[in-house]
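Have a look at work34.txt; it's compact mmCIF, C-alpha atoms:
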# COMPACT_ATOMS: atom_id res chain seq x y z
CA MET A 1 141.93 112.14 101.82
CA ALA A 2 140.85 115.43 103.31
CA THR A 3 143.20 118.11 104.48
CA PRO A 4 141.71 120.40 107.14
CA ALA A 5 143.07 123.93 107.22
CA ALA A 6 143.66 125.67 110.50
CA ALA A 7 140.92 127.93 111.80
CA PRO A 8 142.24 131.48 112.00
CA ALA A 9 139.60 132.76 114.38
CA PRO A 10 137.13 131.31 116.90
CA PRO A 11 133.48 131.36 115.88
CA ASN A 12 130.94 132.45 118.42
CA PRO A 13 127.73 130.64 117.44
CA ASN A 14 124.68 132.74 118.13
CA PRO A 15 121.29 133.06 116.44
CA VAL A 16 121.65 134.50 112.96
CA THR A 17 120.37 138.02 112.37
CA ASP A 18 120.42 140.44 109.50
CA ASP A 19 122.68 142.87 111.34
CA PRO A 20 125.91 143.58 109.43
CA PRO A 21 128.62 141.21 110.68
CA PRO A 22 131.62 142.75 112.41
CA ALA A 23 134.80 143.18 110.45
CA PRO A 24 137.32 140.34 110.92
CA ASP A 25 139.83 141.00 113.66
CA PRO A 26 143.30 139.88 112.53
CA SER A 27 144.52 139.95 116.11
CA LEU A 28 142.25 137.08 117.17
CA PRO A 29 144.21 133.94 118.03
CA THR A 30 143.97 130.69 116.11
CA THR A 31 141.63 128.24 117.82
CA SER A 32 139.33 125.32 117.14
CA ILE A 33 135.65 125.41 116.25
CA ASP A 34 133.26 125.28 119.18
CA PRO A 35 129.66 125.31 117.88
CA THR A 36 127.90 125.73 121.21
CA PRO A 37 124.16 126.41 120.90
CA SER A 38 122.75 129.79 121.75
CA VAL A 39 120.28 130.18 124.61
CA ASP A 40 117.23 130.91 122.46
CA GLU A 41 118.26 128.67 119.57
CA GLU A 42 115.32 126.30 119.90
CA SER A 43 112.71 129.05 120.20
CA ASP A 44 111.11 130.24 117.00
CA ASP A 45 109.42 133.24 118.61
CA SER A 46 112.46 134.73 120.32
CA PRO A 47 113.03 138.46 119.75
CA SER A 48 115.18 139.29 116.77
CA SER A 49 116.13 142.33 114.76
CA VAL A 50 115.54 140.60 111.43
CA SER A 51 113.52 142.35 108.75
CA SER A 52 110.54 140.79 107.00
CA VAL A 53 110.35 139.98 103.33
CA SER A 54 107.69 142.20 101.80
CA SER A 55 106.32 139.68 99.31
CA THR A 56 102.54 139.58 99.51
CA PRO A 57 101.05 136.15 100.27
CA THR A 58 98.34 134.83 97.99
CA ALA A 59 94.87 134.04 99.24
CA PRO A 60 94.97 130.87 101.35
CA ALA A 61 92.40 128.92 99.40
CA GLY A 62 92.81 125.27 98.48
CA GLY A 63 95.90 123.88 96.77
CA GLY A 64 98.93 125.80 95.66
CA VAL A 65 98.85 125.31 91.88
CA GLY A 66 98.94 128.64 90.11
CA ALA A 67 99.53 130.62 93.31
CA GLU A 68 103.04 131.66 92.33
CA LYS A 69 104.80 131.32 88.99
CA PRO A 70 108.54 130.67 88.95
CA HIS A 71 110.44 133.93 89.32
CA PRO A 72 113.06 134.64 86.64
CA ALA A 73 115.71 134.52 89.37
CA SER A 74 114.86 130.85 89.98
CA LYS A 75 117.27 129.94 87.18
CA ASP A 76 120.05 131.14 89.49
CA LEU A 77 118.94 128.85 92.33
CA LEU A 78 121.36 125.97 92.95
CA HIS A 79 120.36 124.52 96.32
CA ILE A 80 117.62 124.51 98.97
CA SER A 81 117.63 122.77 102.35
CA PHE A 82 115.98 123.01 105.78
CA ASN A 83 117.98 123.32 108.97
CA GLN A 84 117.91 120.55 111.58
CA ASP A 85 114.70 121.62 113.36
CA TYR A 86 112.85 122.77 110.20
CA GLY A 87 112.58 126.30 111.57
CA CYS A 88 114.72 127.82 108.79
CA PHE A 89 115.78 127.04 105.26
CA ALA A 90 118.82 127.98 103.21
CA ALA A 91 119.16 128.73 99.51
CA GLY A 92 122.38 128.62 97.50
CA THR A 93 122.45 130.72 94.34
CA LYS A 94 124.86 131.65 91.56
CA SER A 95 125.72 134.80 93.51
CA GLY A 96 125.84 133.63 97.13
CA PHE A 97 123.42 132.29 99.73
CA ARG A 98 120.32 133.32 101.67
CA ILE A 99 118.81 132.24 104.99
CA TYR A 100 115.06 132.38 105.72
CA ASN A 101 112.82 131.85 108.72
CA CYS A 102 109.79 129.63 108.09
CA ASP A 103 107.19 130.82 110.61
CA PRO A 104 106.75 133.69 110.35
CA PHE A 105 108.25 133.73 106.89
CA ARG A 106 111.01 136.31 106.44
CA GLU A 107 114.47 136.62 105.02
CA ILE A 108 116.95 136.61 107.87
CA PHE A 109 120.00 137.58 105.80
CA HIS A 110 121.70 137.07 102.46
CA ARG A 111 125.34 137.24 101.42
CA ASP A 112 126.35 138.32 97.91
CA LEU A 113 129.64 136.55 97.39
CA ALA A 114 129.96 137.47 93.72
CA SER A 115 130.75 141.04 94.76
CA ALA A 116 133.01 140.01 97.63
CA GLY A 117 135.96 139.43 95.36
CA ASP A 118 137.92 137.58 98.01
CA ASN A 119 138.91 134.65 95.82
CA GLY A 120 138.69 135.96 92.28
CA GLY A 121 135.88 133.54 91.38
CA GLY A 122 132.15 133.85 90.96
CA GLY A 123 129.59 133.65 93.70
CA GLY A 124 128.04 130.23 93.08
CA ILE A 125 127.15 128.18 96.19
CA GLY A 126 125.96 124.64 95.49
CA VAL A 127 125.51 123.46 99.10
CA VAL A 128 124.49 125.43 102.20
CA GLU A 129 124.18 123.49 105.43
CA MET A 130 122.99 125.33 108.53
CA LEU A 131 123.74 124.39 112.13
CA PHE A 132 120.34 124.98 113.71
CA ARG A 133 120.14 128.82 114.03
CA CYS A 134 123.73 129.71 114.84
CA ASN A 135 126.20 131.69 112.78
CA ILE A 136 128.21 128.67 111.60
CA LEU A 137 127.41 127.24 108.15
CA ALA A 138 129.05 124.78 105.78
CA LEU A 139 129.39 125.96 102.17
CA VAL A 140 130.39 124.19 98.96
CA GLY A 141 130.95 126.03 95.70
CA GLY A 142 128.49 125.34 92.90
CA GLY A 143 127.41 126.39 89.43
CA ASP A 144 129.14 125.14 86.32
CA ASP A 145 130.59 128.48 85.31
CA ASN A 146 131.00 130.51 88.50
CA PRO A 147 131.58 128.54 91.71
CA HIS A 148 132.75 130.75 94.53
CA TYR A 149 134.87 127.91 95.94
CA THR A 150 136.22 124.87 94.17
CA PRO A 151 133.54 122.16 94.56
CA ASN A 152 135.97 119.70 96.14
CA LYS A 153 136.16 121.79 99.33
CA VAL A 154 133.90 122.27 102.34
CA MET A 155 134.21 125.79 103.70
CA ILE A 156 133.20 126.50 107.31
CA TRP A 157 131.66 129.97 107.30
CA ASP A 158 131.29 132.18 110.38
CA ASP A 159 128.70 134.80 109.55
CA HIS A 160 129.67 136.99 112.50
CA GLN A 161 133.02 137.47 110.81
CA SER A 162 131.54 137.22 107.29
CA ARG A 163 134.31 134.89 106.20
CA CYS A 164 135.43 131.27 106.13
CA ILE A 165 137.36 130.18 109.18
CA SER A 166 138.36 126.68 108.08
CA GLU A 167 138.18 124.29 105.15
CA LEU A 168 138.27 120.59 104.28
CA SER A 169 139.73 119.63 100.90
CA PHE A 170 139.12 116.41 98.97
CA ARG A 171 140.27 114.77 95.77
CA SER A 172 136.77 114.53 94.30
CA LEU A 173 133.58 116.60 94.24
CA VAL A 174 131.68 117.14 97.46
CA ARG A 175 128.10 115.94 97.04
CA GLY A 176 126.72 117.00 100.40
CA VAL A 177 127.40 118.06 103.99
CA ARG A 178 125.54 117.29 107.22
CA LEU A 179 126.18 119.01 110.55
CA ARG A 180 125.67 118.19 114.19
CA ARG A 181 126.90 120.28 117.07
CA ASP A 182 129.73 117.79 117.49
CA ARG A 183 130.26 116.37 113.98
CA ILE A 184 130.82 117.39 110.37
CA VAL A 185 129.80 114.76 107.81
CA VAL A 186 131.08 115.15 104.25
CA ILE A 187 129.55 113.09 101.43
CA LEU A 188 131.50 112.31 98.27
CA GLU A 189 130.43 110.20 95.29
CA ASN A 190 131.58 106.91 96.85
CA LYS A 191 132.80 107.84 100.34
CA ILE A 192 131.66 109.53 103.52
CA PHE A 193 134.00 111.21 106.03
CA VAL A 194 133.04 112.03 109.63
CA TYR A 195 134.97 114.70 111.58
CA ASN A 196 134.90 116.06 115.09
CA PHE A 197 133.58 119.60 114.99
CA SER A 198 135.86 120.71 117.83
CA ASP A 199 139.23 119.94 116.21
CA LEU A 200 138.38 118.75 112.64
CA LYS A 201 139.88 115.36 113.43
CA LEU A 202 138.81 112.55 111.11
CA VAL A 203 137.01 109.95 113.24
CA HIS A 204 135.45 107.65 110.63
CA GLN A 205 135.24 107.03 106.91
CA MET A 206 133.24 104.54 104.88
CA GLU A 207 132.60 103.56 101.29
CA THR A 208 129.15 103.66 99.72
CA ALA A 209 127.46 102.77 96.49
CA PRO A 210 127.57 105.61 93.90
CA ASN A 211 125.86 108.51 95.63
CA PRO A 212 125.59 111.47 93.23
CA LYS A 213 122.74 113.02 95.24
CA GLY A 214 124.83 113.12 98.40
CA LEU A 215 122.28 111.11 100.38
CA CYS A 216 123.04 111.00 104.09
CA ALA A 217 121.21 111.65 107.36
CA VAL A 218 122.45 112.05 110.91
CA SER A 219 120.53 112.14 114.18
CA GLN A 220 120.46 115.33 116.24
CA GLN A 221 119.78 114.06 119.74
CA PRO A 222 122.68 114.95 122.06
CA GLY A 223 124.91 112.08 123.07
CA SER A 224 123.52 109.54 120.60
CA ILE A 225 124.90 109.60 117.07
CA VAL A 226 123.15 107.59 114.36
CA LEU A 227 124.18 108.03 110.72
CA VAL A 228 122.38 106.62 107.68
CA CYS A 229 123.88 106.40 104.21
CA PRO A 230 123.58 104.22 101.10
CA GLY A 231 125.06 100.75 101.53
CA SER A 232 127.40 99.07 99.09
CA GLN A 233 124.61 97.10 97.40
CA LYS A 234 121.61 98.20 95.35
CA GLY A 235 118.59 99.05 97.51
CA GLN A 236 120.59 98.88 100.74
CA VAL A 237 121.03 101.45 103.49
CA ARG A 238 123.79 101.41 106.06
CA VAL A 239 123.11 102.49 109.64
CA GLU A 240 126.01 103.45 111.90
CA HIS A 241 125.27 103.46 115.63
CA TYR A 242 128.33 105.20 117.02
CA GLY A 243 127.28 104.97 120.65
CA ALA A 244 126.72 101.20 120.48
CA ARG A 245 129.64 100.79 118.05
CA LYS A 246 127.63 98.68 115.65
CA THR A 247 126.76 98.78 111.98
CA LYS A 248 123.42 97.62 110.56
CA PHE A 249 122.65 96.96 106.88
CA ILE A 250 119.01 97.11 105.77
CA ASN A 251 118.01 95.72 102.39
CA ALA A 252 115.20 98.21 102.04
CA HIS A 253 114.30 97.91 98.33
CA THR A 254 115.09 95.85 95.25
CA SER A 255 115.70 99.03 93.25
CA ARG A 256 118.31 101.71 93.99
CA ILE A 257 117.74 104.01 96.95
CA ALA A 258 116.45 107.42 95.84
CA CYS A 259 115.75 109.11 99.16
CA PHE A 260 115.65 108.46 102.89
CA ALA A 261 115.05 110.30 106.14
CA LEU A 262 116.08 109.71 109.75
CA SER A 263 114.06 110.87 112.73
CA GLN A 264 115.85 113.40 114.90
CA ASP A 265 116.21 110.87 117.73
CA GLY A 266 117.69 108.31 115.33
CA ARG A 267 115.03 105.66 115.96
CA LEU A 268 113.15 105.58 112.64
CA ILE A 269 114.27 105.50 109.00
CA ALA A 270 112.01 106.13 106.01
CA THR A 271 113.24 104.94 102.61
CA ALA A 272 112.11 105.24 98.99
CA SER A 273 113.53 103.64 95.85
CA THR A 274 113.88 104.93 92.30
CA LYS A 275 110.42 103.48 91.56
CA GLY A 276 108.93 106.00 93.97
CA THR A 277 105.69 104.13 94.59
CA LEU A 278 106.27 102.84 98.12
CA VAL A 279 107.87 104.34 101.23
CA ARG A 280 109.03 101.98 103.96
CA ILE A 281 109.64 102.79 107.61
CA TYR A 282 112.25 100.80 109.51
CA ASN A 283 113.45 100.55 113.07
CA ALA A 284 116.99 101.92 112.94
CA ALA A 285 118.33 99.76 115.76
CA GLU A 286 117.16 96.36 114.52
CA GLY A 287 116.43 97.02 110.86
CA ASN A 288 112.89 95.64 111.09
CA LEU A 289 110.21 96.85 108.68
CA LEU A 290 107.55 98.63 110.73
CA GLN A 291 105.22 100.07 108.10
CA GLU A 292 104.82 100.51 104.37
CA VAL A 293 102.86 103.34 102.74
CA ARG A 294 102.03 104.02 99.12
CA ARG A 295 102.57 107.34 97.38
CA GLY A 296 100.92 106.16 94.15
CA ALA A 297 100.81 103.43 91.54
CA ASP A 298 102.96 105.06 88.85
CA LYS A 299 106.69 105.70 88.95
CA ALA A 300 107.90 108.96 90.51
CA GLU A 301 111.12 110.57 91.69
CA ILE A 302 110.99 111.13 95.43
CA TYR A 303 112.64 114.41 96.37
CA SER A 304 112.27 114.48 100.15
CA LEU A 305 110.93 112.61 103.17
CA ALA A 306 110.37 114.11 106.62
CA PHE A 307 109.18 112.85 110.00
CA SER A 308 107.09 115.03 112.29
CA ASN A 309 108.68 115.76 115.66
CA ASN A 310 106.15 113.55 117.46
CA LEU A 311 106.73 110.72 114.94
CA GLN A 312 103.01 110.55 114.15
CA TYR A 313 103.30 111.66 110.52
CA LEU A 314 105.55 111.31 107.50
CA ALA A 315 105.63 113.84 104.64
CA VAL A 316 106.70 113.01 101.08
CA SER A 317 107.39 115.18 98.02
CA SER A 318 108.00 113.98 94.47
CA ASP A 319 108.15 115.13 90.86
CA LYS A 320 104.40 114.53 90.60
CA GLY A 321 103.91 117.83 92.37
CA THR A 322 101.75 116.49 95.22
CA ILE A 323 102.84 116.70 98.86
CA HIS A 324 101.58 113.67 100.81
CA VAL A 325 101.20 113.29 104.57
CA PHE A 326 100.88 109.76 105.98
CA ASN A 327 99.76 108.53 109.38
CA LEU A 328 102.41 106.48 111.14
CA LYS A 329 100.98 103.50 113.04
CA ILE A 330 104.10 102.96 115.08
CA ASN A 331 104.39 102.84 118.86
CA VAL A 332 107.94 104.07 119.27
CA GLY A 333 107.77 103.28 122.98
CA LEU A 334 107.96 99.58 122.17
CA THR A 335 110.85 97.62 120.75
CA THR A 336 110.39 95.93 117.42
CA ASN A 337 110.23 92.51 119.10
CA ASP A 338 107.38 93.64 121.37
CA LYS A 339 105.57 95.74 118.79
CA PRO A 340 102.06 94.46 117.99
CA LEU A 341 100.92 94.34 114.39
CA PRO A 342 98.65 97.26 113.42
CA ALA A 343 94.94 96.54 113.69
CA PRO A 344 93.02 96.00 110.44
CA ASP A 345 91.76 99.20 108.88
CA PRO A 346 87.95 99.25 109.22
CA ASP A 347 87.67 101.26 106.01
CA VAL A 348 89.37 98.56 103.92
CA PRO A 349 86.88 95.97 102.60
CA HIS A 350 87.43 92.49 104.01
CA ILE A 351 88.03 89.75 101.46
CA SER A 352 85.77 86.82 102.33
CA PRO A 353 87.10 83.24 102.26
CA SER A 354 85.02 82.52 99.18
CA LEU A 355 87.00 85.16 97.29
CA SER A 356 90.37 84.25 98.74
CA PHE A 357 91.38 82.53 95.53
CA ILE A 358 91.61 85.89 93.75
CA LYS A 359 93.46 87.64 96.58
CA GLY A 360 96.80 86.79 95.02
CA VAL A 361 95.95 88.43 91.71
CA LEU A 362 94.46 91.66 93.08
CA PRO A 363 96.78 94.63 92.56
CA LYS A 364 98.85 95.22 95.65
CA TYR A 365 97.81 98.87 95.86
CA PHE A 366 94.25 97.80 96.79
CA HIS A 367 95.65 96.81 100.19
CA SER A 368 98.10 99.70 100.61
CA GLU A 369 98.10 102.52 103.14
CA TRP A 370 97.50 105.81 101.35
CA SER A 371 98.19 109.37 102.46
CA VAL A 372 95.78 111.07 104.82
CA ALA A 373 96.35 114.57 103.38
CA GLN A 374 97.60 116.09 100.13
CA PHE A 375 98.75 119.46 98.82
CA ARG A 376 98.94 119.81 95.03
CA LEU A 377 101.60 121.94 93.35
CA HIS A 378 103.25 122.12 89.94
CA GLU A 379 104.20 118.77 88.45
CA GLY A 380 107.85 118.52 87.42
CA GLU A 381 109.11 121.14 89.89
CA GLN A 382 111.43 120.06 92.70
CA TYR A 383 110.04 120.66 96.20
CA ILE A 384 111.33 119.71 99.63
CA VAL A 385 108.98 119.34 102.58
CA ALA A 386 109.14 119.59 106.38
CA PHE A 387 106.73 119.81 109.28
CA GLY A 388 106.13 123.23 110.79
CA HIS A 389 106.42 124.14 114.44
CA GLU A 390 102.72 124.95 114.54
CA LYS A 391 100.56 121.85 115.00
CA ASN A 392 99.53 119.98 111.82
CA THR A 393 101.37 122.35 109.48
CA VAL A 394 103.74 121.61 106.62
CA ALA A 395 106.35 123.86 105.02
CA VAL A 396 107.28 123.42 101.35
CA VAL A 397 110.23 125.02 99.54
CA GLY A 398 110.64 124.78 95.77
CA MET A 399 113.50 125.15 93.32
CA ASP A 400 111.18 127.55 91.47
CA GLY A 401 111.67 130.01 94.35
CA SER A 402 108.35 129.28 96.07
CA PHE A 403 107.60 128.85 99.76
CA TYR A 404 104.31 127.44 101.01
CA ARG A 405 102.94 126.84 104.45
CA CYS A 406 99.81 124.72 104.69
CA GLN A 407 97.73 122.91 107.29
CA PHE A 408 96.21 119.44 107.25
CA ASP A 409 93.22 117.99 109.09
CA PRO A 410 94.45 114.88 110.96
CA VAL A 411 90.90 113.56 111.41
CA ASN A 412 89.20 114.18 108.07
CA GLY A 413 92.31 114.38 105.91
CA GLY A 414 91.91 115.41 102.28
CA GLU A 415 93.27 118.54 100.65
CA MET A 416 95.44 120.73 102.86
CA MET A 417 94.60 124.38 103.38
CA GLN A 418 97.15 126.86 102.11
CA LEU A 419 98.12 129.35 104.81
CA GLU A 420 100.94 131.26 103.10
CA CYS A 421 102.66 131.50 99.75
CA TYR A 422 105.73 133.61 98.96
CA ASN A 423 108.33 133.86 96.24
CA PHE A 424 111.48 134.03 98.32
CA LEU A 425 113.67 135.15 95.40
CA LYS A 426 111.58 138.22 94.68
CA PRO A 427 113.38 141.44 95.66
CA PRO A 428 111.73 143.20 98.62
CA ASP A 429 110.92 146.28 96.51
CA GLN A 430 108.89 144.28 93.97
CA PRO A 431 105.12 144.03 94.56

Let me see whether you can do it: turn the structure in this file into structure tokens.
Amino acid sequence: MATPAAAPAPPNPNPVTDDPPPAPDPSLPTTSIDPTPSVDEESDDSPSSVSSVSSTPTAPAGGGVGAEKPHPASKDLLHISFNQDYGCFAAGTKSGFRIYNCDPFREIFHRDLASAGDNGGGGGIGVVEMLFRCNILALVGGGDDNPHYTPNKVMIWDDHQSRCISELSFRSLVRGVRLRRDRIVVILENKIFVYNFSDLKLVHQMETAPNPKGLCAVSQQPGSIVLVCPGSQKGQVRVEHYGARKTKFINAHTSRIACFALSQDGRLIATASTKGTLVRIYNAAEGNLLQEVRRGADKAEIYSLAFSNNLQYLAVSSDKGTIHVFNLKINVGLTTNDKPLPAPDPDVPHISPSLSFIKGVLPKYFHSEWSVAQFRLHEGEQYIVAFGHEKNTVAVVGMDGSFYRCQFDPVNGGEMMQLECYNFLKPPDQP
């Protein structure tokens, strides 16, 4: 059971900047958390006093293999994640955490907790969860030898005060955290806890299958809360519709769930199993299978899935090192009961009746939907992917310290064009 600590000072969520945070004011009264969005939070071109990272981008030609080699500091990297609108990403390291803007790429700020000395520990941060672009973050200690906080706690950090203002403690390790403006979701190995953000009151808890990756997704549309997590059975996902007060179980795969994604409006779910060959898209409300796409024929570990904002594309990253973008043939304006089946693909050869007897023995991948665009990186490295705010662009962040921004052709498909490449761990004074 979690024990929330009282918040000693009220956060004032505003867009993050690299200005030095004000010193904590001990005279501030104790109050609850109120993560109200800032006025320009949704704008990625709003004026800011942030400084740019001086890493030099490589020539934007073709794929990304060989563009950047892993920086020695990548061994200190513990965590990477995008914020809710894909406009920023966070990195947790053995010495603290860093926040970056995606387009244009720049470091917004970093905090060296190893030198803070406020808890006598190291500086390791194993989870950093942003709340859009405001100053409130959720932190979990990480690193085997130097966690800054014990890894069974979720620390709510206010960067304006440069300190934690509240905490949630558990009896087992925290595997992940998800934030909405009105909810905090904490993922443990076999349980998930949901709290109000305003008063840290526990509003729901549920048991899951073993979940060492901390898989969980929550919708971001105001007023409608949809949460997806692993079910209690192998290959199953559980969908909680809090507004409708109903729970849906989807038997998505026969193998264990390896990764899933939820669209921001909570209408679509993409799932992948430990086989990593197929990705399936489901209607979240009814649990109906809407589309199935194929990443490849051989086994792979899927690292991330992401929907585009317009729900026209799905991006996939895996340990094979190739980023795939798929067309979604889904009319989200229709319900699943009214949805027509997709028209036959004119580019797929039709099997004549005279050959129908061999249809059952043809490999299934001959009839699969393949990606429309690809971006090839280093095999074996862990990358996460998201869609950029600029049309037909994709952002990729790697555990090797690399950041890529590339563009795909929605008509002709094929290899994506690299637009930018940076090593975000490289110190600004290094060429």

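Once region 399-413 of chain A and its same-chain neighbours fewer than 4 positions away are set aside, Pro70, Ser74, Val372, Ala373, Gln382, Asn392, Thr393, Val394, Ala395, Met417, Gln418, Leu419, Glu420, Cys421, Tyr422, Asn423, Phe424 and Leu425 of chain A remain within 6 Å of it when counting all atoms listed in the file.
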
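Candidate residues A:Leu188, A:Ile330, A:Val237, A:Val397 were compared for distance to Ser317 (chain A), and the nearest is A:Val397, using all atoms listed in the file.
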
Box dimensions and centre (Å, one decimal) enclosing region 394-410 of chain A, axis-aligned, 5 Å extra per side, as AutoDock Vina command-line options:
--center_x 103.4 --center_y 122.4 --center_z 101.2 --size_x 30.3 --size_y 25.1 --size_z 29.5

Subject >> Spatial neighbours of region 124-133 of chain A, 7 Å, all atoms listed in the file, chain gap at least 6 places, as an MDAnalysis selection string >> reply: chainID A and resid 15:16 41 78:79 83:85 90:97 139:143 146:148 176:180

Subject >> Neighbours of point (111.5, 106.2, 112.1) within 12 Å, using only C-alpha atoms, written as a ChimeraX atom specification >> reply: /A:219,226,228,260-271,279-292,305-314,328-333,336

Original post:
Could you work out how far CA of Asn135 (chain A) lies from CA of Asp159 (chain A), giving the answer in Å with one decimal?
Top reply: 5.1 Å

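Between CA of Arg376 (chain A) and CA of Glu415 (chain A) lies a distance of 8.1 Å.
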
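Between CA of Asp158 (chain A) and CA of Arg98 (chain A) lies a distance of 14.1 Å.
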
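Closest approach to Val396 (chain A) among A:Gly296, A:Gly223, A:Gly380, A:Gly321: A:Gly321, based on all atoms listed in the file.
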
Original post:
Do you know which residues are at most 9 Å from Asn211 (chain A) counting only C-alpha atoms, after dropping those on the same chain fewer than 3 positions away, and could you put them as an MDAnalysis selection string?
Top reply: chainID A and resid 175 187:191 208 214:215 230
